[in-house]
Every structure is written in C-alpha cells, then in structure tokens.
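Everything below belongs to data_13.txt, which stores compact mmCIF, C-alpha atoms.
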```
# COMPACT_ATOMS: atom_id res chain seq x y z
CA MET W 1 -135.53 2.50 -100.24
CA ALA W 2 -132.85 4.86 -101.45
CA ALA W 3 -133.21 6.46 -104.86
CA GLY W 4 -130.79 4.49 -107.00
CA ALA W 5 -127.75 2.43 -106.14
CA ASP W 6 -124.86 4.67 -107.18
CA TRP W 7 -124.85 6.63 -103.94
CA PHE W 8 -123.68 3.62 -101.96
CA GLU W 9 -120.97 2.55 -104.41
CA GLU W 10 -119.71 6.12 -104.43
CA TRP W 11 -119.67 6.24 -100.65
CA LEU W 12 -117.91 2.88 -100.40
CA GLY W 13 -115.34 3.84 -103.00
CA ALA W 14 -114.46 6.91 -100.97
CA HIS W 15 -114.51 5.21 -97.55
CA ARG W 16 -113.35 1.62 -98.04
CA ASP W 17 -109.97 2.45 -96.47
CA ASP W 18 -111.73 4.31 -93.65
CA LEU W 19 -113.52 1.12 -92.63
CA THR W 20 -110.17 -0.55 -92.07
CA ALA W 21 -108.76 2.49 -90.29
CA TRP W 22 -111.75 2.69 -87.94
CA ARG W 23 -111.50 -0.99 -87.11
CA ARG W 24 -107.79 -0.71 -86.42
CA HIS W 25 -108.22 2.35 -84.23
CA ILE W 26 -110.81 0.56 -82.11
CA HIS W 27 -108.68 -2.60 -82.06
CA ARG W 28 -105.67 -0.63 -80.86
CA ASN W 29 -107.69 1.00 -78.07
CA PRO W 30 -109.85 -1.78 -76.55
CA GLU W 31 -112.03 -1.05 -73.55
CA LEU W 32 -113.65 -3.53 -71.20
CA SER W 33 -117.37 -3.87 -70.50
CA ARG W 34 -119.08 -0.69 -69.32
CA LYS W 35 -115.81 1.22 -69.74
CA GLU W 36 -116.16 1.88 -73.48
CA PHE W 37 -115.97 5.66 -73.05
CA GLN W 38 -113.35 6.41 -75.70
CA THR W 39 -114.97 4.02 -78.17
CA THR W 40 -118.32 5.73 -77.59
CA ASP W 41 -116.75 9.15 -78.10
CA PHE W 42 -115.07 7.94 -81.31
CA VAL W 43 -118.37 6.78 -82.80
CA VAL W 44 -120.29 9.87 -81.63
CA GLU W 45 -117.69 12.19 -83.18
CA HIS W 46 -117.94 10.53 -86.59
CA LEU W 47 -121.74 10.42 -86.57
CA ARG W 48 -122.04 14.07 -85.58
CA ALA W 49 -119.59 15.01 -88.32
CA SER W 50 -122.19 13.64 -90.76
CA ARG W 51 -124.90 15.80 -89.13
CA LEU W 52 -126.48 12.89 -87.31
CA ASP W 53 -127.76 13.09 -83.74
CA PRO W 54 -126.40 10.19 -81.65
CA GLN W 55 -127.68 9.81 -78.11
CA VAL W 56 -125.35 8.29 -75.51
CA LEU W 57 -126.96 5.72 -73.21
CA PRO W 58 -127.42 6.64 -69.52
CA GLY W 59 -124.34 4.74 -68.33
CA GLY W 60 -122.08 6.93 -70.46
CA THR W 61 -121.11 4.11 -72.82
CA GLY W 62 -122.99 2.92 -75.88
CA LEU W 63 -125.37 5.00 -77.97
CA VAL W 64 -128.32 5.02 -80.34
CA CYS W 65 -128.76 7.07 -83.48
CA ASP W 66 -131.86 7.31 -85.67
CA ILE W 67 -131.59 7.84 -89.43
CA GLY W 68 -134.48 8.35 -91.81
CA PRO W 69 -138.21 8.51 -91.10
CA ALA W 70 -140.21 6.00 -89.12
CA ASP W 71 -142.86 4.06 -91.03
CA ALA W 72 -146.59 4.72 -91.02
CA ASP W 73 -146.87 2.95 -87.66
CA GLY W 74 -144.07 5.02 -86.15
CA LYS W 75 -141.66 2.11 -86.30
CA ARG W 76 -138.12 1.59 -87.60
CA ILE W 77 -135.70 -1.34 -87.74
CA ALA W 78 -132.66 -1.50 -85.49
CA LEU W 79 -129.14 -2.59 -86.36
CA ARG W 80 -126.95 -3.57 -83.42
CA ALA W 81 -123.19 -3.77 -82.80
CA ASP W 82 -121.41 -4.57 -79.54
CA MET W 83 -118.40 -2.46 -78.49
CA ASP W 84 -116.55 -4.06 -75.56
CA ALA W 85 -113.28 -5.98 -75.49
CA LEU W 86 -112.22 -9.06 -73.55
CA PRO W 87 -110.04 -9.09 -70.40
CA MET W 88 -106.98 -10.76 -71.93
CA THR W 89 -103.58 -9.82 -73.31
CA GLU W 90 -103.30 -9.84 -77.11
CA THR W 91 -100.51 -11.92 -78.70
CA THR W 92 -101.10 -11.27 -82.41
CA GLY W 93 -98.04 -9.05 -82.84
CA LEU W 94 -100.02 -6.86 -85.24
CA PRO W 95 -98.79 -3.29 -85.78
CA PHE W 96 -102.20 -2.11 -84.50
CA ALA W 97 -102.35 -4.59 -81.57
CA SER W 98 -103.89 -3.55 -78.28
CA ARG W 99 -101.93 -0.97 -76.39
CA ASN W 100 -104.11 -1.40 -73.29
CA PRO W 101 -102.65 -4.20 -71.14
CA GLY W 102 -105.21 -6.80 -70.15
CA ALA W 103 -107.74 -5.82 -72.80
CA ALA W 104 -108.06 -7.16 -76.35
CA HIS W 105 -110.63 -7.25 -79.13
CA ALA W 106 -110.49 -11.03 -79.45
CA CYS W 107 -114.16 -11.44 -80.37
CA GLY W 108 -114.49 -9.12 -83.34
CA HIS W 109 -116.41 -6.34 -81.61
CA ASP W 110 -113.99 -3.84 -83.16
CA ALA W 111 -115.20 -5.04 -86.57
CA HIS W 112 -118.84 -4.97 -85.48
CA THR W 113 -118.51 -1.35 -84.36
CA ALA W 114 -116.65 -0.27 -87.50
CA ILE W 115 -119.25 -1.99 -89.71
CA LEU W 116 -122.20 -0.31 -88.01
CA LEU W 117 -120.42 3.05 -88.05
CA GLY W 118 -119.80 2.63 -91.78
CA THR W 119 -123.42 1.59 -92.29
CA GLY W 120 -124.70 4.68 -90.51
CA LEU W 121 -122.44 7.06 -92.41
CA ALA W 122 -123.33 5.39 -95.72
CA LEU W 123 -127.05 5.67 -95.03
CA ALA W 124 -126.60 9.31 -94.04
CA SER W 125 -125.36 9.93 -97.59
CA ALA W 126 -128.40 8.31 -99.23
CA PRO W 127 -130.59 10.68 -101.26
CA GLN W 128 -133.73 9.31 -99.62
CA LEU W 129 -134.69 6.54 -97.21
CA GLN W 130 -138.21 5.16 -96.99
CA GLN W 131 -137.22 2.79 -94.13
CA GLY W 132 -136.07 4.40 -90.91
CA VAL W 133 -133.25 2.77 -88.98
CA ARG W 134 -131.85 2.94 -85.46
CA LEU W 135 -128.16 2.29 -84.97
CA LEU W 136 -127.61 0.61 -81.61
CA PHE W 137 -124.03 0.53 -80.37
CA GLN W 138 -124.22 -1.64 -77.27
CA PRO W 139 -121.78 -1.85 -74.36
CA ALA W 140 -121.00 -4.82 -72.15
CA GLU W 141 -121.89 -7.84 -74.28
CA GLU W 142 -119.04 -9.86 -72.74
CA VAL W 143 -120.51 -9.87 -69.22
CA MET W 144 -123.63 -11.69 -68.10
CA PRO W 145 -126.51 -11.11 -68.23
CA GLY W 146 -125.27 -8.50 -70.71
CA GLY W 147 -125.49 -4.84 -71.63
CA ALA W 148 -128.45 -5.51 -73.90
CA LEU W 149 -130.64 -5.38 -70.80
CA ASP W 150 -129.24 -1.92 -69.97
CA ALA W 151 -129.97 -0.74 -73.50
CA ILE W 152 -133.52 -2.09 -73.36
CA ALA W 153 -134.09 -0.43 -69.97
CA ALA W 154 -132.91 2.86 -71.49
CA GLY W 155 -135.57 2.61 -74.21
CA ALA W 156 -133.33 1.53 -77.08
CA LEU W 157 -136.11 -0.62 -78.54
CA GLY W 158 -138.79 2.05 -78.30
CA GLY W 159 -140.39 2.38 -81.73
CA VAL W 160 -138.41 -0.58 -83.09
CA SER W 161 -140.29 -3.22 -85.08
CA ARG W 162 -137.40 -5.58 -85.86
CA ILE W 163 -133.69 -5.89 -85.01
CA PHE W 164 -130.70 -7.37 -86.82
CA GLY W 165 -127.09 -8.05 -85.89
CA LEU W 166 -123.89 -9.58 -87.28
CA HIS W 167 -121.24 -11.57 -85.43
CA CYS W 168 -117.79 -12.45 -86.73
CA ASP W 169 -117.27 -16.16 -87.34
CA PRO W 170 -113.71 -17.46 -87.91
CA HIS W 171 -115.12 -20.79 -89.10
CA LEU W 172 -116.73 -19.19 -92.17
CA ARG W 173 -114.62 -18.01 -95.09
CA VAL W 174 -114.48 -14.28 -95.75
CA GLY W 175 -117.06 -13.29 -98.33
CA THR W 176 -119.81 -15.42 -96.80
CA VAL W 177 -122.61 -14.72 -94.34
CA GLY W 178 -124.08 -17.59 -92.30
CA LEU W 179 -127.86 -17.71 -91.90
CA ARG W 180 -130.08 -19.93 -89.77
CA VAL W 181 -133.76 -20.03 -88.85
CA GLY W 182 -134.35 -20.83 -85.19
CA ALA W 183 -131.72 -20.96 -82.45
CA ILE W 184 -128.32 -19.79 -83.70
CA THR W 185 -126.64 -19.53 -80.26
CA SER W 186 -127.14 -21.26 -76.92
CA ALA W 187 -128.06 -20.24 -73.42
CA ALA W 188 -125.03 -19.68 -71.22
CA ASP W 189 -124.94 -19.62 -67.39
CA ILE W 190 -122.07 -19.38 -64.92
CA VAL W 191 -121.78 -21.57 -61.83
CA GLU W 192 -119.31 -21.06 -58.99
CA VAL W 193 -118.95 -23.57 -56.16
CA ARG W 194 -117.08 -22.54 -53.01
CA LEU W 195 -116.05 -25.50 -50.87
CA SER W 196 -114.91 -25.61 -47.24
CA SER W 197 -113.66 -28.29 -44.85
CA PRO W 198 -111.72 -28.50 -41.55
CA GLY W 199 -108.55 -29.36 -43.51
CA GLY W 200 -105.93 -31.80 -42.34
CA HIS W 201 -102.93 -33.95 -43.22
CA THR W 202 -103.00 -36.07 -46.37
CA SER W 203 -101.89 -39.09 -44.32
CA ARG W 204 -105.17 -38.97 -42.36
CA PRO W 205 -108.01 -38.09 -44.78
CA HIS W 206 -110.39 -40.20 -42.68
CA LEU W 207 -110.12 -37.65 -39.87
CA THR W 208 -111.37 -34.73 -41.96
CA ALA W 209 -113.35 -33.96 -45.09
CA ASP W 210 -111.17 -34.33 -48.18
CA LEU W 211 -111.88 -31.14 -50.09
CA VAL W 212 -109.76 -31.93 -53.16
CA HIS W 213 -111.45 -35.30 -53.50
CA ALA W 214 -114.83 -33.55 -53.37
CA ILE W 215 -113.77 -31.14 -56.09
CA GLY W 216 -112.74 -34.10 -58.24
CA LEU W 217 -116.16 -35.69 -57.79
CA LEU W 218 -117.87 -32.48 -58.88
CA ILE W 219 -115.57 -31.97 -61.86
CA THR W 220 -116.36 -35.38 -63.33
CA GLY W 221 -119.75 -36.07 -61.81
CA ILE W 222 -121.77 -32.95 -62.62
CA PRO W 223 -121.29 -33.03 -66.42
CA ASN W 224 -122.12 -36.76 -66.44
CA LEU W 225 -125.20 -36.46 -64.25
CA VAL W 226 -126.60 -33.43 -66.08
CA GLY W 227 -126.19 -35.38 -69.30
CA ARG W 228 -128.43 -38.10 -67.82
CA ARG W 229 -131.09 -35.73 -66.50
CA VAL W 230 -131.83 -33.62 -69.58
CA ASP W 231 -132.72 -34.49 -73.16
CA ALA W 232 -129.53 -35.06 -75.15
CA ARG W 233 -131.14 -33.23 -78.09
CA SER W 234 -131.01 -30.00 -76.07
CA ARG W 235 -127.24 -29.77 -76.61
CA THR W 236 -126.65 -29.18 -72.88
CA VAL W 237 -123.06 -29.18 -71.68
CA VAL W 238 -121.33 -28.37 -68.38
CA THR W 239 -117.68 -27.38 -68.68
CA TRP W 240 -115.38 -26.33 -65.85
CA GLY W 241 -112.96 -23.53 -66.65
CA ALA W 242 -111.27 -22.79 -63.32
CA VAL W 243 -110.36 -24.73 -60.18
CA ASN W 244 -108.31 -23.62 -57.21
CA ALA W 245 -107.53 -25.39 -53.95
CA GLY W 246 -104.52 -25.84 -51.73
CA ALA W 247 -100.80 -25.33 -52.18
CA ALA W 248 -98.91 -28.05 -50.28
CA PRO W 249 -98.83 -31.66 -51.56
CA ASN W 250 -99.24 -33.09 -48.05
CA ALA W 251 -102.00 -30.83 -46.72
CA ILE W 252 -105.74 -31.20 -47.28
CA PRO W 253 -106.89 -27.61 -47.87
CA ARG W 254 -109.67 -25.87 -46.00
CA SER W 255 -111.14 -24.05 -48.97
CA GLY W 256 -111.42 -24.27 -52.72
CA VAL W 257 -113.33 -22.80 -55.66
CA LEU W 258 -114.69 -24.41 -58.81
CA ARG W 259 -116.06 -22.29 -61.68
CA GLY W 260 -117.60 -23.23 -64.98
CA THR W 261 -120.34 -22.68 -67.53
CA VAL W 262 -123.63 -24.43 -68.19
CA ARG W 263 -124.87 -24.18 -71.79
CA THR W 264 -127.90 -25.45 -73.63
CA GLY W 265 -129.38 -24.99 -77.05
CA ASP W 266 -132.97 -25.26 -75.84
CA ARG W 267 -134.82 -22.45 -74.10
CA ALA W 268 -137.18 -24.71 -72.12
CA THR W 269 -134.23 -26.74 -70.81
CA TRP W 270 -132.46 -23.51 -69.84
CA ARG W 271 -135.28 -22.69 -67.43
CA GLN W 272 -134.78 -26.06 -65.68
CA LEU W 273 -131.01 -26.04 -65.32
CA ARG W 274 -130.46 -23.81 -62.30
CA PRO W 275 -132.39 -25.95 -59.76
CA LEU W 276 -131.13 -29.17 -61.36
CA VAL W 277 -127.44 -28.28 -61.25
CA CYS W 278 -127.69 -26.98 -57.69
CA GLU W 279 -129.48 -30.17 -56.61
CA LEU W 280 -126.81 -32.40 -58.15
CA ILE W 281 -123.91 -30.44 -56.63
CA GLN W 282 -125.43 -30.79 -53.16
CA ALA W 283 -126.13 -34.49 -53.70
CA LEU W 284 -122.53 -35.23 -54.67
CA ALA W 285 -121.02 -33.10 -51.90
CA VAL W 286 -123.04 -34.39 -48.94
CA PRO W 287 -121.35 -37.83 -48.66
CA THR W 288 -117.90 -36.22 -48.65
CA GLY W 289 -118.60 -34.07 -45.60
CA VAL W 290 -117.42 -30.97 -47.45
CA GLU W 291 -119.61 -27.88 -47.22
CA VAL W 292 -120.55 -26.18 -50.50
CA GLU W 293 -121.89 -22.74 -51.29
CA ILE W 294 -123.28 -22.39 -54.81
CA ASP W 295 -123.51 -19.18 -56.83
CA TYR W 296 -125.47 -19.96 -59.98
CA ARG W 297 -125.84 -16.97 -62.29
CA GLN W 298 -128.31 -17.30 -65.13
CA GLY W 299 -126.88 -15.64 -68.19
CA VAL W 300 -128.60 -15.29 -71.52
CA PRO W 301 -131.19 -17.37 -73.38
CA PRO W 302 -130.50 -18.66 -76.90
CA VAL W 303 -130.71 -16.26 -79.84
CA VAL W 304 -133.72 -17.54 -81.78
CA ASN W 305 -134.04 -16.11 -85.30
CA ASP W 306 -137.58 -15.87 -86.61
CA GLU W 307 -138.27 -17.09 -90.12
CA HIS W 308 -139.41 -13.77 -91.60
CA SER W 309 -136.36 -11.90 -90.29
CA VAL W 310 -134.04 -14.51 -91.77
CA ALA W 311 -135.85 -14.12 -95.10
CA VAL W 312 -135.19 -10.36 -94.93
CA LEU W 313 -131.55 -11.06 -94.15
CA ARG W 314 -131.29 -13.52 -97.02
CA ARG W 315 -132.56 -10.93 -99.48
CA ALA W 316 -129.99 -8.47 -98.21
CA VAL W 317 -127.16 -11.01 -98.48
CA ASP W 318 -128.26 -12.39 -101.84
CA ALA W 319 -128.02 -8.87 -103.25
CA ILE W 320 -124.26 -9.02 -102.60
CA GLY W 321 -123.72 -12.12 -104.70
CA PRO W 322 -125.07 -15.61 -105.43
CA ASP W 323 -122.69 -17.54 -103.16
CA VAL W 324 -122.52 -15.19 -100.17
CA ALA W 325 -125.36 -16.66 -98.08
CA VAL W 326 -124.45 -20.01 -96.52
CA PRO W 327 -126.10 -22.20 -93.85
CA THR W 328 -124.59 -22.14 -90.38
CA PRO W 329 -125.07 -24.52 -87.41
CA GLN W 330 -126.22 -23.57 -83.95
CA SER W 331 -123.34 -22.42 -81.77
CA SER W 332 -122.84 -23.37 -78.13
CA GLY W 333 -121.71 -19.82 -77.43
CA GLY W 334 -123.95 -17.29 -75.69
CA GLU W 335 -124.99 -13.86 -77.00
CA ASP W 336 -126.99 -11.20 -75.18
CA PHE W 337 -128.59 -10.22 -78.51
CA ALA W 338 -131.11 -12.81 -77.31
CA TRP W 339 -132.61 -10.28 -74.90
CA TYR W 340 -133.68 -8.04 -77.79
CA LEU W 341 -135.48 -10.97 -79.39
CA GLU W 342 -137.46 -11.41 -76.18
CA LYS W 343 -139.02 -8.01 -77.02
CA VAL W 344 -139.12 -7.74 -80.82
CA PRO W 345 -138.56 -10.17 -83.71
CA GLY W 346 -135.22 -10.21 -85.47
CA ALA W 347 -132.22 -12.24 -86.46
CA MET W 348 -128.48 -12.49 -86.10
CA ALA W 349 -126.20 -13.60 -88.93
CA ARG W 350 -122.63 -14.87 -88.87
CA LEU W 351 -120.06 -12.87 -90.81
CA GLY W 352 -117.28 -14.96 -92.31
CA VAL W 353 -113.84 -13.63 -91.33
CA TRP W 354 -111.59 -16.64 -92.07
CA ASP W 355 -108.87 -15.91 -94.64
CA GLY W 356 -108.40 -19.57 -95.60
CA GLY W 357 -105.25 -20.09 -93.53
CA ARG W 358 -104.87 -21.25 -89.94
CA LYS W 359 -108.13 -21.09 -88.01
CA VAL W 360 -108.00 -19.31 -84.65
CA ASP W 361 -111.23 -19.22 -82.67
CA ILE W 362 -112.67 -16.15 -81.01
CA HIS W 363 -111.77 -15.48 -77.36
CA GLN W 364 -108.18 -16.49 -78.08
CA PRO W 365 -105.32 -13.98 -77.57
CA ASP W 366 -104.04 -14.50 -81.13
CA PHE W 367 -107.41 -14.09 -82.85
CA ASP W 368 -107.50 -11.83 -85.89
CA LEU W 369 -109.88 -11.42 -88.82
CA ASP W 370 -109.72 -10.85 -92.56
CA GLU W 371 -110.59 -7.17 -92.95
CA ARG W 372 -112.25 -7.77 -96.32
CA ALA W 373 -115.19 -8.91 -94.20
CA LEU W 374 -115.82 -5.28 -93.18
CA GLU W 375 -117.18 -4.45 -96.62
CA VAL W 376 -119.37 -7.57 -96.64
CA GLY W 377 -120.80 -6.49 -93.29
CA VAL W 378 -121.57 -2.97 -94.42
CA ARG W 379 -123.17 -4.21 -97.65
CA THR W 380 -125.38 -6.56 -95.65
CA MET W 381 -126.49 -3.90 -93.19
CA VAL W 382 -127.12 -1.25 -95.85
CA ASN W 383 -129.15 -3.73 -97.91
CA LEU W 384 -131.40 -4.35 -94.91
CA VAL W 385 -132.39 -0.69 -94.90
CA ALA W 386 -131.97 0.33 -98.55
CA PRO W 387 -132.30 -2.74 -100.81
CA ARG W 388 -130.34 -2.33 -104.02
CA ALA W 389 -129.55 -4.22 -107.20
CA LYS W 390 -126.89 -6.91 -107.15
CA VAL W 391 -123.33 -5.65 -107.43
CA PRO W 392 -120.20 -7.62 -108.47
CA TYR W 393 -118.73 -7.71 -104.97
CA GLN W 394 -117.11 -11.12 -105.28
CA GLU W 395 -114.68 -9.79 -107.85
CA THR W 396 -113.05 -7.76 -105.09
CA LEU W 397 -112.21 -10.89 -103.09
CA GLY W 398 -109.79 -12.16 -105.73
```

Final structure tokens representation of the file:
Amino acid sequence: MAAGADWFEEWLGAHRDDLTAWRRHIHRNPELSRKEFQTTDFVVEHLRASRLDPQVLPGGTGLVCDIGPADADGKRIALRADMDALPMTETTGLPFASRNPGAAHACGHDAHTAILLGTGLALASAPQLQQGVRLLFQPAEEVMPGGALDAIAAGALGGVSRIFGLHCDPHLRVGTVGLRVGAITSAADIVEVRLSSPGGHTSRPHLTADLVHAIGLLITGIPNLVGRRVDARSRTVVTWGAVNAGAAPNAIPRSGVLRGTVRTGDRATWRQLRPLVCELIQALAVPTGVEVEIDYRQGVPPVVNDEHSVAVLRRAVDAIGPDVAVPTPQSSGGEDFAWYLEKVPGAMARLGVWDGGRKVDIHQPDFDLDERALEVGVRTMVNLVAPRAKVPYQETLG
C-alpha cells in the first residue's frame, strides 16, 4: 500500500489530459492483431521515460512490466489490457478517427491500453508499494483462440497470484463499473461449412444436388436443433454471420460457404458443442446430396470471475464512490482473458463508457466512448494495487 493518498491525486491532476491524449493517439493509429508494433513502441517509450523496465513479448508486440516488490511468496498481481484493433473502417467522423484504412478501435482497446499505461505511470510515482504488480499489455485479443495464450506461453503469468482486467461496456453509464461473480462472458467458437455439388440449371434441381437449398436448411436448422440438444439454461446460441453461393438466378452453384459463431455461457456445454454441431450439420446435409466440409474452430471458454477476486475489485471500486459499483449480467461475447483464469484466479469488470445519449454497441464502425471513463478505469486499477481512502470522484462527472 502506498504511503498516503496525495501522491495519486497529484499525479492525476498533472496527467488527466494525458490520459485522453494517449487514448486518442492510439485510436488514431489502430493496428490489427499481432501487428501492434507502433502501439507497443508507444507504451514502451512512456514506461521507460518513467524509469520502468518493460519487456516486449517474443512476437514483437505486447509487453509486460513489473512495478514494486513481489510478496513474501514471490508473487504479484497482474493487470491486463488488450491492444489490437478490429478489421473495419471507422465512420465516427471524429477529429482523431483512424487514419489506417481497414482498422479501427471499435472495441475500446485504445481506452484499455491508455488506462493501463496511466495506471503504471501513476504507480511508478508512488512513494512506496507493498503490493507488486505486473502490467500485461496483450496483443491479438480479437482473433481466436487469442493472444492471451501467446502471453501465457511467454511466461507472462510467472510469479502472478491473481489477475484483473477491465472491458469497456457501452451499456453501462460512464462513472460506473459492472461487477459479477461467476461467468461474465461466454464461450465463443467459429464454424465454417464449405459446400459442394455438381451444379446445374434451376429448372432441373432433381438432376443435381441443390446447394442453395442445402445452405438454407443449415441456416435455419442448426440453430433450432442445437437449441433442442443442449440445456436452454446454458445460454447457447448459433448465429450465422456470412453466406456466399452462386451469382446467376437460374444456375444452381457448385460451391458455397457458410460461416458463423457458436456461443454458450456454460463451460461444460462448451466442451460438448464441437462434436454436436458437426454431427447435426452432416445429418442435415446428407439427404440433400450436397457434400460438406466442416472447419470448427474452438475459441475461448467463458471468463469466470472467482468470488474473492470480485470482492477485491469491489473494494477498489467502492473507494471511488458509493454508486460506482453496479451489477452486470453475463455477456454472450467472448474474451480471451478466460485463458488467464484457467491458470490463476482473477476477475474482469465492465467499465461504463455510455454518455447517456444514443447507444452504439462495440464492434460497430461508429462506436465511440465517453472519455471520462478513462479516469474511472485508472482509479480502479490503482486501487487494486494501492488501496486508498475514498475521494469525491463523482463530483467531476457533473
């Protein structure tokens, strides 16, 4: 625990505008998964300027940085932020919008990185820390099975007793942090079905295998059948996101592709889904005469917050103000933070970024966030490492 609370308020008073500037710089210069070289360099430069010793991960993107001493058992807690952008074109029209075509920070990872950078620099200014911390800036969260596995393989969890993370949530008002014991995200897999048939004329479908008809059966049939084969309480859902077949209205095509996601809120169900979905696809396709080739890629398990870690998070959030901590439901989205929790206990919280106006979900090209959330994020992270007395933060929200 740091000696006193003034050091943090002094740091924040001097660097509140920097938080926004860092976020906007990263937002303006988004980089896709495993290509976050400039973002990595940006973070490394600022950490080294504060006499810290960041270590870049073996792939050249992402880094870890230890601050303060380990505990008596040689352990420290880890704080994680993801760094990568999404492969889409931004449409916000912001003055600091992406200047990299086909890449956009539409999931808040720019804010996550800026928050953890601010947390590290703030902690570096503390007079004394009794709790050691590891900053973990992770690449490639947006691809499955996720860059968390790369970080773990590189030893990022070595000497870590517990890990915490924040994720922007446009459904929660700025100034709040959503907490939940148990599963807070869902497992997420990707399934691709490649179909083939001899093709033919649409006037004579009986002489061939009607590939488009087969695709239609899979589109409607698989979600319905999966819903009858697994417990409805598992929150399992199959959703198709892409379909492609044919070009001419009077020609039955020879090939087609169907792609989608399979999600579940239950870890045990997740383990059963791959063989089940593949079985059902084959069963529906066989009567049509269309050949199918299935590529089922298991993604990430659910993020399951343990009770003690959520209690630690709650203390950190409650120190910001009495109405900051709020309950949050389980999301159907996937998060590779789950892989860390397969190794060590921890928890992820949801950072409110909604300004009270029109709600735009993450992974949309016009997504933006209320930058007042940056300070809430830094206060939460710092409080995890250096608990302090309550401060009148809510007055700054107006």

Shell around W:Asn383 at 9 Å using all atoms listed in the file, local window under 4 positions removed, as a ChimeraX atom specification: /W:313,315-317,319-320,378-379,387-388

Hey, can you spit out that residue selection with C-alpha atoms as a PDB file, keeping the file's coordinate frame?
```pdb
ATOM      1  CA  LEU W 313    -131.550 -11.060 -94.150  1.00  0.00           C
ATOM      2  CA  ARG W 315    -132.560 -10.930 -99.480  1.00  0.00           C
ATOM      3  CA  ALA W 316    -129.990  -8.470 -98.210  1.00  0.00           C
ATOM      4  CA  VAL W 317    -127.160 -11.010 -98.480  1.00  0.00           C
ATOM      5  CA  ALA W 319    -128.020  -8.870-103.250  1.00  0.00           C
ATOM      6  CA  ILE W 320    -124.260  -9.020-102.600  1.00  0.00           C
ATOM      7  CA  VAL W 378    -121.570  -2.970 -94.420  1.00  0.00           C
ATOM      8  CA  ARG W 379    -123.170  -4.210 -97.650  1.00  0.00           C
ATOM      9  CA  PRO W 387    -132.300  -2.740-100.810  1.00  0.00           C
ATOM     10  CA  ARG W 388    -130.340  -2.330-104.020  1.00  0.00           C
TER      11      ARG W 388
END
```

Who sits within 10 Å of W:Phe37, only C-alpha atoms, same chain under 4 positions skipped, as a ChimeraX atom specification: /W:31-33,41-42,59-62,139

Taking only residues of stretch 168-242 of chain W that have an atom at most 7 Å from an atom of stretch 257-275 of chain W, what is each one's shortest atom pair and its distance in Å to one decimal, using all atoms listed in the file, in chain and number order, as JSON lines?
```
{"residue": "W:Thr185", "atom": "CA", "partner": "W:Gly265", "partner_atom": "CA", "distance": 6.9}
{"residue": "W:Ser186", "atom": "CA", "partner": "W:Gly265", "partner_atom": "CA", "distance": 4.4}
{"residue": "W:Ala187", "atom": "CA", "partner": "W:Thr264", "partner_atom": "CA", "distance": 5.2}
{"residue": "W:Ala188", "atom": "CA", "partner": "W:Arg263", "partner_atom": "CA", "distance": 4.5}
{"residue": "W:Asp189", "atom": "CA", "partner": "W:Val262", "partner_atom": "CA", "distance": 5.0}
{"residue": "W:Ile190", "atom": "CA", "partner": "W:Thr261", "partner_atom": "CA", "distance": 4.5}
{"residue": "W:Val191", "atom": "CA", "partner": "W:Gly260", "partner_atom": "CA", "distance": 5.5}
{"residue": "W:Glu192", "atom": "CA", "partner": "W:Arg259", "partner_atom": "CA", "distance": 4.4}
{"residue": "W:Val193", "atom": "CA", "partner": "W:Leu258", "partner_atom": "CA", "distance": 5.1}
{"residue": "W:Arg194", "atom": "CA", "partner": "W:Val257", "partner_atom": "CA", "distance": 4.6}
{"residue": "W:Leu195", "atom": "CA", "partner": "W:Val257", "partner_atom": "CA", "distance": 6.1}
{"residue": "W:Ser234", "atom": "CA", "partner": "W:Asp266", "partner_atom": "CA", "distance": 5.1}
{"residue": "W:Arg235", "atom": "CA", "partner": "W:Gly265", "partner_atom": "CA", "distance": 5.3}
{"residue": "W:Thr236", "atom": "CA", "partner": "W:Thr264", "partner_atom": "CA", "distance": 4.0}
{"residue": "W:Val237", "atom": "CA", "partner": "W:Arg263", "partner_atom": "CA", "distance": 5.3}
{"residue": "W:Val238", "atom": "CA", "partner": "W:Val262", "partner_atom": "CA", "distance": 4.6}
{"residue": "W:Thr239", "atom": "CA", "partner": "W:Thr261", "partner_atom": "CA", "distance": 5.5}
{"residue": "W:Trp240", "atom": "CA", "partner": "W:Gly260", "partner_atom": "CA", "distance": 3.9}
{"residue": "W:Gly241", "atom": "CA", "partner": "W:Gly260", "partner_atom": "CA", "distance": 4.9}
{"residue": "W:Ala242", "atom": "CA", "partner": "W:Arg259", "partner_atom": "CA", "distance": 5.1}
```

Point-to-point distance in Å for atom CA of W:Thr176 and atom CA of W:Gly108: 15.8 Å

Contacts of W:Pro95 within 12 Å, all atoms listed in the file, excl. fewer than 6 positions in-chain, as an MDAnalysis selection string: chainID W and resid 24:25 27:28
